[in-house]
$ cat run_4.txt   # compact mmCIF, C-alpha atoms
# COMPACT_ATOMS: atom_id res chain seq x y z
CA MET A 1 3.10 -17.74 12.01
CA ILE A 2 4.56 -15.06 14.24
CA ASP A 3 3.12 -12.98 17.07
CA ALA A 4 2.42 -9.62 15.45
CA SER A 5 3.71 -6.67 17.45
CA THR A 6 1.34 -3.80 18.14
CA PHE A 7 3.64 -1.66 16.00
CA LEU A 8 3.27 -4.03 13.04
CA ARG A 9 -0.48 -4.25 13.42
CA ARG A 10 -0.80 -0.45 13.53
CA ALA A 11 1.45 -0.03 10.48
CA LEU A 12 -0.68 -2.57 8.59
CA LEU A 13 -3.89 -0.85 9.73
CA ALA A 14 -2.63 2.57 8.60
CA ASP A 15 -1.75 1.07 5.22
CA ALA A 16 -5.19 -0.52 4.96
CA ILE A 17 -6.92 2.79 5.73
CA PHE A 18 -4.78 4.76 3.27
CA SER A 19 -5.19 2.10 0.59
CA GLY A 20 -8.91 1.78 1.24
CA VAL A 21 -9.50 5.49 0.76
CA ALA A 22 -7.47 5.40 -2.46
CA ALA A 23 -9.36 2.27 -3.60
CA ILE A 24 -12.73 3.93 -3.20
CA GLY A 25 -11.59 7.17 -4.80
CA PHE A 26 -9.87 5.60 -7.79
CA THR A 27 -12.53 2.94 -8.39
CA PHE A 28 -15.55 5.21 -8.21
CA GLY A 29 -13.97 8.54 -9.13
CA ALA A 30 -11.53 7.46 -11.81
CA SER A 31 -12.94 9.84 -14.43
CA ALA A 32 -12.79 12.84 -12.12
CA PHE A 33 -9.26 12.02 -10.96
CA ALA A 34 -8.18 11.33 -14.55
CA ALA A 35 -9.22 14.84 -15.51
CA LEU A 36 -7.68 16.37 -12.39
CA PHE A 37 -4.31 14.60 -12.75
CA ASN A 38 -4.19 14.07 -16.53
CA LEU A 39 -3.73 10.35 -16.00
CA PRO A 40 -5.51 7.55 -17.88
CA ASP A 41 -8.95 6.70 -16.52
CA ALA A 42 -8.26 2.96 -16.95
CA LEU A 43 -5.00 3.17 -14.99
CA LEU A 44 -6.74 4.82 -12.05
CA ARG A 45 -9.78 2.52 -12.11
CA GLU A 46 -7.65 -0.65 -12.33
CA THR A 47 -5.42 0.65 -9.55
CA GLY A 48 -8.52 1.20 -7.44
CA LEU A 49 -9.80 -2.31 -8.12
CA PHE A 50 -6.44 -3.80 -7.19
CA LEU A 51 -6.39 -1.73 -4.00
CA ILE A 52 -9.77 -3.14 -2.93
CA ALA A 53 -8.26 -6.63 -2.74
CA TYR A 54 -5.02 -5.29 -1.24
CA THR A 55 -6.94 -3.39 1.45
CA ALA A 56 -8.85 -6.53 2.39
CA LEU A 57 -5.62 -8.51 2.75
CA VAL A 58 -3.74 -5.88 4.73
CA GLY A 59 -6.77 -5.13 6.90
CA TRP A 60 -7.12 -8.83 7.66
CA LEU A 61 -3.43 -9.06 8.59
CA ALA A 62 -3.80 -6.00 10.85
CA SER A 63 -6.65 -7.67 12.71
CA ARG A 64 -4.76 -10.87 13.57
CA PRO A 65 -2.69 -11.37 16.73
CA SER A 66 -0.49 -13.79 14.80
CA VAL A 67 0.33 -13.54 11.11
CA PRO A 68 2.15 -15.55 8.47
CA LYS A 69 5.60 -13.96 8.25
CA PRO A 70 5.97 -14.66 4.50
CA LEU A 71 2.69 -12.86 3.81
CA VAL A 72 3.82 -9.78 5.75
CA LEU A 73 7.14 -9.87 3.89
CA LEU A 74 5.18 -9.99 0.64
CA VAL A 75 3.31 -6.83 1.69
CA VAL A 76 6.60 -5.09 2.59
CA VAL A 77 8.25 -6.06 -0.71
CA GLY A 78 5.09 -5.16 -2.62
CA ASN A 79 5.01 -1.72 -1.05
CA ALA A 80 8.68 -1.17 -1.86
CA ALA A 81 8.06 -2.31 -5.46
CA TRP A 82 5.02 -0.01 -5.71
CA THR A 83 7.20 2.92 -4.64
CA VAL A 84 9.87 2.16 -7.24
CA GLY A 85 7.26 1.40 -9.90
CA SER A 86 5.45 4.68 -9.32
CA ILE A 87 8.59 6.72 -9.85
CA ALA A 88 9.54 4.55 -12.84
CA LEU A 89 6.10 5.22 -14.35
CA LEU A 90 6.71 8.96 -14.17
CA LEU A 91 10.19 8.67 -15.64
CA SER A 92 9.15 6.26 -18.40
CA GLY A 93 7.12 8.73 -20.38
CA ALA A 94 4.26 6.20 -20.60
CA VAL A 95 1.98 8.79 -18.97
CA SER A 96 1.99 12.58 -19.15
CA PRO A 97 0.44 13.81 -15.91
CA ASN A 98 0.13 17.49 -15.15
CA ILE A 99 1.92 18.93 -12.11
CA SER A 100 -0.93 17.84 -9.82
CA GLY A 101 -0.67 14.31 -11.18
CA GLU A 102 3.08 14.24 -10.72
CA LEU A 103 2.73 15.48 -7.14
CA MET A 104 0.02 12.89 -6.40
CA VAL A 105 2.10 10.01 -7.78
CA VAL A 106 5.20 11.14 -5.88
CA ALA A 107 3.24 11.67 -2.64
CA GLN A 108 1.64 8.22 -2.77
CA ALA A 109 5.02 6.69 -3.67
CA ILE A 110 6.57 8.29 -0.59
CA ALA A 111 3.66 7.19 1.61
CA THR A 112 3.89 3.64 0.30
CA GLY A 113 7.65 3.60 0.92
CA VAL A 114 7.06 4.80 4.47
CA PHE A 115 4.52 2.00 4.99
CA ALA A 116 7.07 -0.53 3.73
CA GLU A 117 9.64 0.74 6.20
CA LEU A 118 7.20 0.87 9.13
CA GLN A 119 5.93 -2.63 8.38
CA TYR A 120 9.47 -3.96 8.15
CA MET A 121 10.30 -2.33 11.49
CA GLY A 122 7.12 -3.82 12.96
CA LEU A 123 8.03 -7.23 11.61
CA ARG A 124 11.40 -7.00 13.35
CA LYS A 125 9.66 -6.04 16.62
CA SER A 126 7.27 -8.98 16.36
CA GLY A 127 7.55 -12.10 18.49
CA ARG A 128 8.89 -15.46 17.59
CA ALA A 129 7.05 -18.13 15.70
CA VAL A 130 3.77 -19.29 17.18
CA THR A 131 3.61 -23.01 17.86
CA ALA A 132 0.44 -24.98 17.35
$ encode --input "run_4.txt" --output "structure tokens"
Amino acid sequence: MIDASTFLRRALLADAIFSGVAAIGFTFGASAFAALFNLPDALLRETGLFLIAYTALVGWLASRPSVPKPLVLLVVVGNAAWTVGSIALLLSGAVSPNISGELMVVAQAIATGVFAELQYMGLRKSGRAVTA
């Protein structure tokens, strides 16, 4: 466990808010977003369901004065992987989004990459290990 810096906690909270909004939208509005972005309904709904659990985890981490460093590193690496995976999805040809869909995927990939960087910076600003 480490003492979480205010910077880290705020970066985690911002991620939780962003992810929570996306979770609600994609879970309950998958059909509407699928039509808007020309992306598969199932992809959006399953992404939303995953983001519900992710939001709970990241929100919980943001609320703690001390956090498990490996868990925060997992969030950082996961965000970086999400960024790369989003761009890879577009380049793979597995989906054929319209221009709005492409812009949405790129925008969320950029936002997720920014969260990864901010969380990593916050982790570096955090205190030493907490002793029991």
$ closest_residue --input "run_4.txt" --among "A:Leu73, A:Val95, A:Ser31, A:Phe50" --to "Gln119 (chain A)" --atoms "only C-alpha atoms"
A:Leu73
$ residues_around --input "run_4.txt" --residues "Leu123 (chain A)" --least-positions-apart "6" --cutoff "9 Å" --atoms "only C-alpha atoms" --output "PDB file with C-alpha atoms, keeping the file's coordinate frame"
ATOM      1  CA  ILE A   2       4.560 -15.060  14.240  1.00  0.00           C
ATOM      2  CA  ALA A   4       2.420  -9.620  15.450  1.00  0.00           C
ATOM      3  CA  SER A   5       3.710  -6.670  17.450  1.00  0.00           C
ATOM      4  CA  PHE A   7       3.640  -1.660  16.000  1.00  0.00           C
ATOM      5  CA  LEU A   8       3.270  -4.030  13.040  1.00  0.00           C
ATOM      6  CA  LYS A  69       5.600 -13.960   8.250  1.00  0.00           C
ATOM      7  CA  VAL A  72       3.820  -9.780   5.750  1.00  0.00           C
ATOM      8  CA  LEU A  73       7.140  -9.870   3.890  1.00  0.00           C
TER       9      LEU A  73
END
$ atom_distance --input "run_4.txt" --atom1 "CA of Ala116 (chain A)" --atom2 "CA of Ile87 (chain A)"
15.5 Å
$ atom_distance --input "run_4.txt" --atom1 "CA of Asn98 (chain A)" --atom2 "CA of Val76 (chain A)"
29.4 Å
$ closest_residue --input "run_4.txt" --among "A:Phe115, A:Ala32, A:Ala107, A:Leu91" --to "Ile17 (chain A)" --atoms "only C-alpha atoms"
A:Phe115
$ residues_around --input "run_4.txt" --residues "Ser66 (chain A)" --least-positions-apart "5" --cutoff "12 Å" --atoms "all atoms listed in the file" --output "PyMOL selection string"
chain A and resi 1-6+8-9+60-61+71-72+123+126-132
$ residues_around --input "run_4.txt" --residues "Glu102 (chain A)" --least-positions-apart "2" --cutoff "10 Å" --atoms "only C-alpha atoms" --output "short mmCIF file (atom, residue, chain, number, x, y, z; two decimals) with C-alpha atoms, in the coordinates of the input"
data_model
loop_
_atom_site.label_atom_id
_atom_site.label_comp_id
_atom_site.auth_asym_id
_atom_site.auth_seq_id
_atom_site.Cartn_x
_atom_site.Cartn_y
_atom_site.Cartn_z
CA PHE A 37 -4.31 14.60 -12.75
CA ASN A 38 -4.19 14.07 -16.53
CA LEU A 39 -3.73 10.35 -16.00
CA SER A 86 5.45 4.68 -9.32
CA ILE A 87 8.59 6.72 -9.85
CA LEU A 90 6.71 8.96 -14.17
CA VAL A 95 1.98 8.79 -18.97
CA SER A 96 1.99 12.58 -19.15
CA PRO A 97 0.44 13.81 -15.91
CA ASN A 98 0.13 17.49 -15.15
CA ILE A 99 1.92 18.93 -12.11
CA SER A 100 -0.93 17.84 -9.82
CA MET A 104 0.02 12.89 -6.40
CA VAL A 105 2.10 10.01 -7.78
CA VAL A 106 5.20 11.14 -5.88
CA ALA A 107 3.24 11.67 -2.64
#
$ closest_residue --input "run_4.txt" --among "A:Ala14, A:Leu118, A:Ala34, A:Val58" --to "Gly101 (chain A)" --atoms "all atoms listed in the file"
A:Ala34
$ residues_around --input "run_4.txt" --residues "Trp82 (chain A)" --least-positions-apart "4" --cutoff "9 Å" --atoms "only C-alpha atoms" --output "list in words"
Val77, Gly78, Ser86, Ile87, Ala109, Thr112 and Gly113 of chain A
$ write_last_selection --input "run_4.txt" --atoms "C-alpha atoms" --output "compact mmCIF listing (two decimals), in the coordinates of the input"
# COMPACT_ATOMS: atom_id res chain seq x y z
CA VAL A 77 8.25 -6.06 -0.71
CA GLY A 78 5.09 -5.16 -2.62
CA SER A 86 5.45 4.68 -9.32
CA ILE A 87 8.59 6.72 -9.85
CA ALA A 109 5.02 6.69 -3.67
CA THR A 112 3.89 3.64 0.30
CA GLY A 113 7.65 3.60 0.92
$ atom_distance --input "run_4.txt" --atom1 "CA of Asp15 (chain A)" --atom2 "CA of Ile52 (chain A)"
12.2 Å
$ closest_residue --input "run_4.txt" --among "A:Ala94, A:Leu103, A:Tyr120, A:Val114" --to "Leu36 (chain A)" --atoms "all atoms listed in the file"
A:Leu103
$ closest_residue --input "run_4.txt" --among "A:Ala35, A:Ala62, A:Leu57, A:Leu49" --to "Leu74 (chain A)" --atoms "all atoms listed in the file"
A:Leu57
$ residues_around --input "run_4.txt" --residues "Leu51 (chain A)" --least-positions-apart "6" --cutoff "10 Å" --atoms "all atoms listed in the file" --output "list in words"
Ala16, Phe18, Ser19, Gly20, Val21, Ala22, Ala23, Ile24, Phe26, Thr27, Arg45 and Leu57 of chain A
$ write_last_selection --input "run_4.txt" --atoms "C-alpha atoms" --output "mmCIF file, in the frame of the given file"
data_model
loop_
_atom_site.group_PDB
_atom_site.id
_atom_site.type_symbol
_atom_site.label_atom_id
_atom_site.label_comp_id
_atom_site.auth_asym_id
_atom_site.auth_seq_id
_atom_site.Cartn_x
_atom_site.Cartn_y
_atom_site.Cartn_z
ATOM 1 C CA ALA A 16 -5.190 -0.520 4.960
ATOM 2 C CA PHE A 18 -4.780 4.760 3.270
ATOM 3 C CA SER A 19 -5.190 2.100 0.590
ATOM 4 C CA GLY A 20 -8.910 1.780 1.240
ATOM 5 C CA VAL A 21 -9.500 5.490 0.760
ATOM 6 C CA ALA A 22 -7.470 5.400 -2.460
ATOM 7 C CA ALA A 23 -9.360 2.270 -3.600
ATOM 8 C CA ILE A 24 -12.730 3.930 -3.200
ATOM 9 C CA PHE A 26 -9.870 5.600 -7.790
ATOM 10 C CA THR A 27 -12.530 2.940 -8.390
ATOM 11 C CA ARG A 45 -9.780 2.520 -12.110
ATOM 12 C CA LEU A 57 -5.620 -8.510 2.750
#
$ closest_residue --input "run_4.txt" --among "A:Pro70, A:Gly59, A:Gly29, A:Arg64" --to "Thr47 (chain A)" --atoms "all atoms listed in the file"
A:Gly29
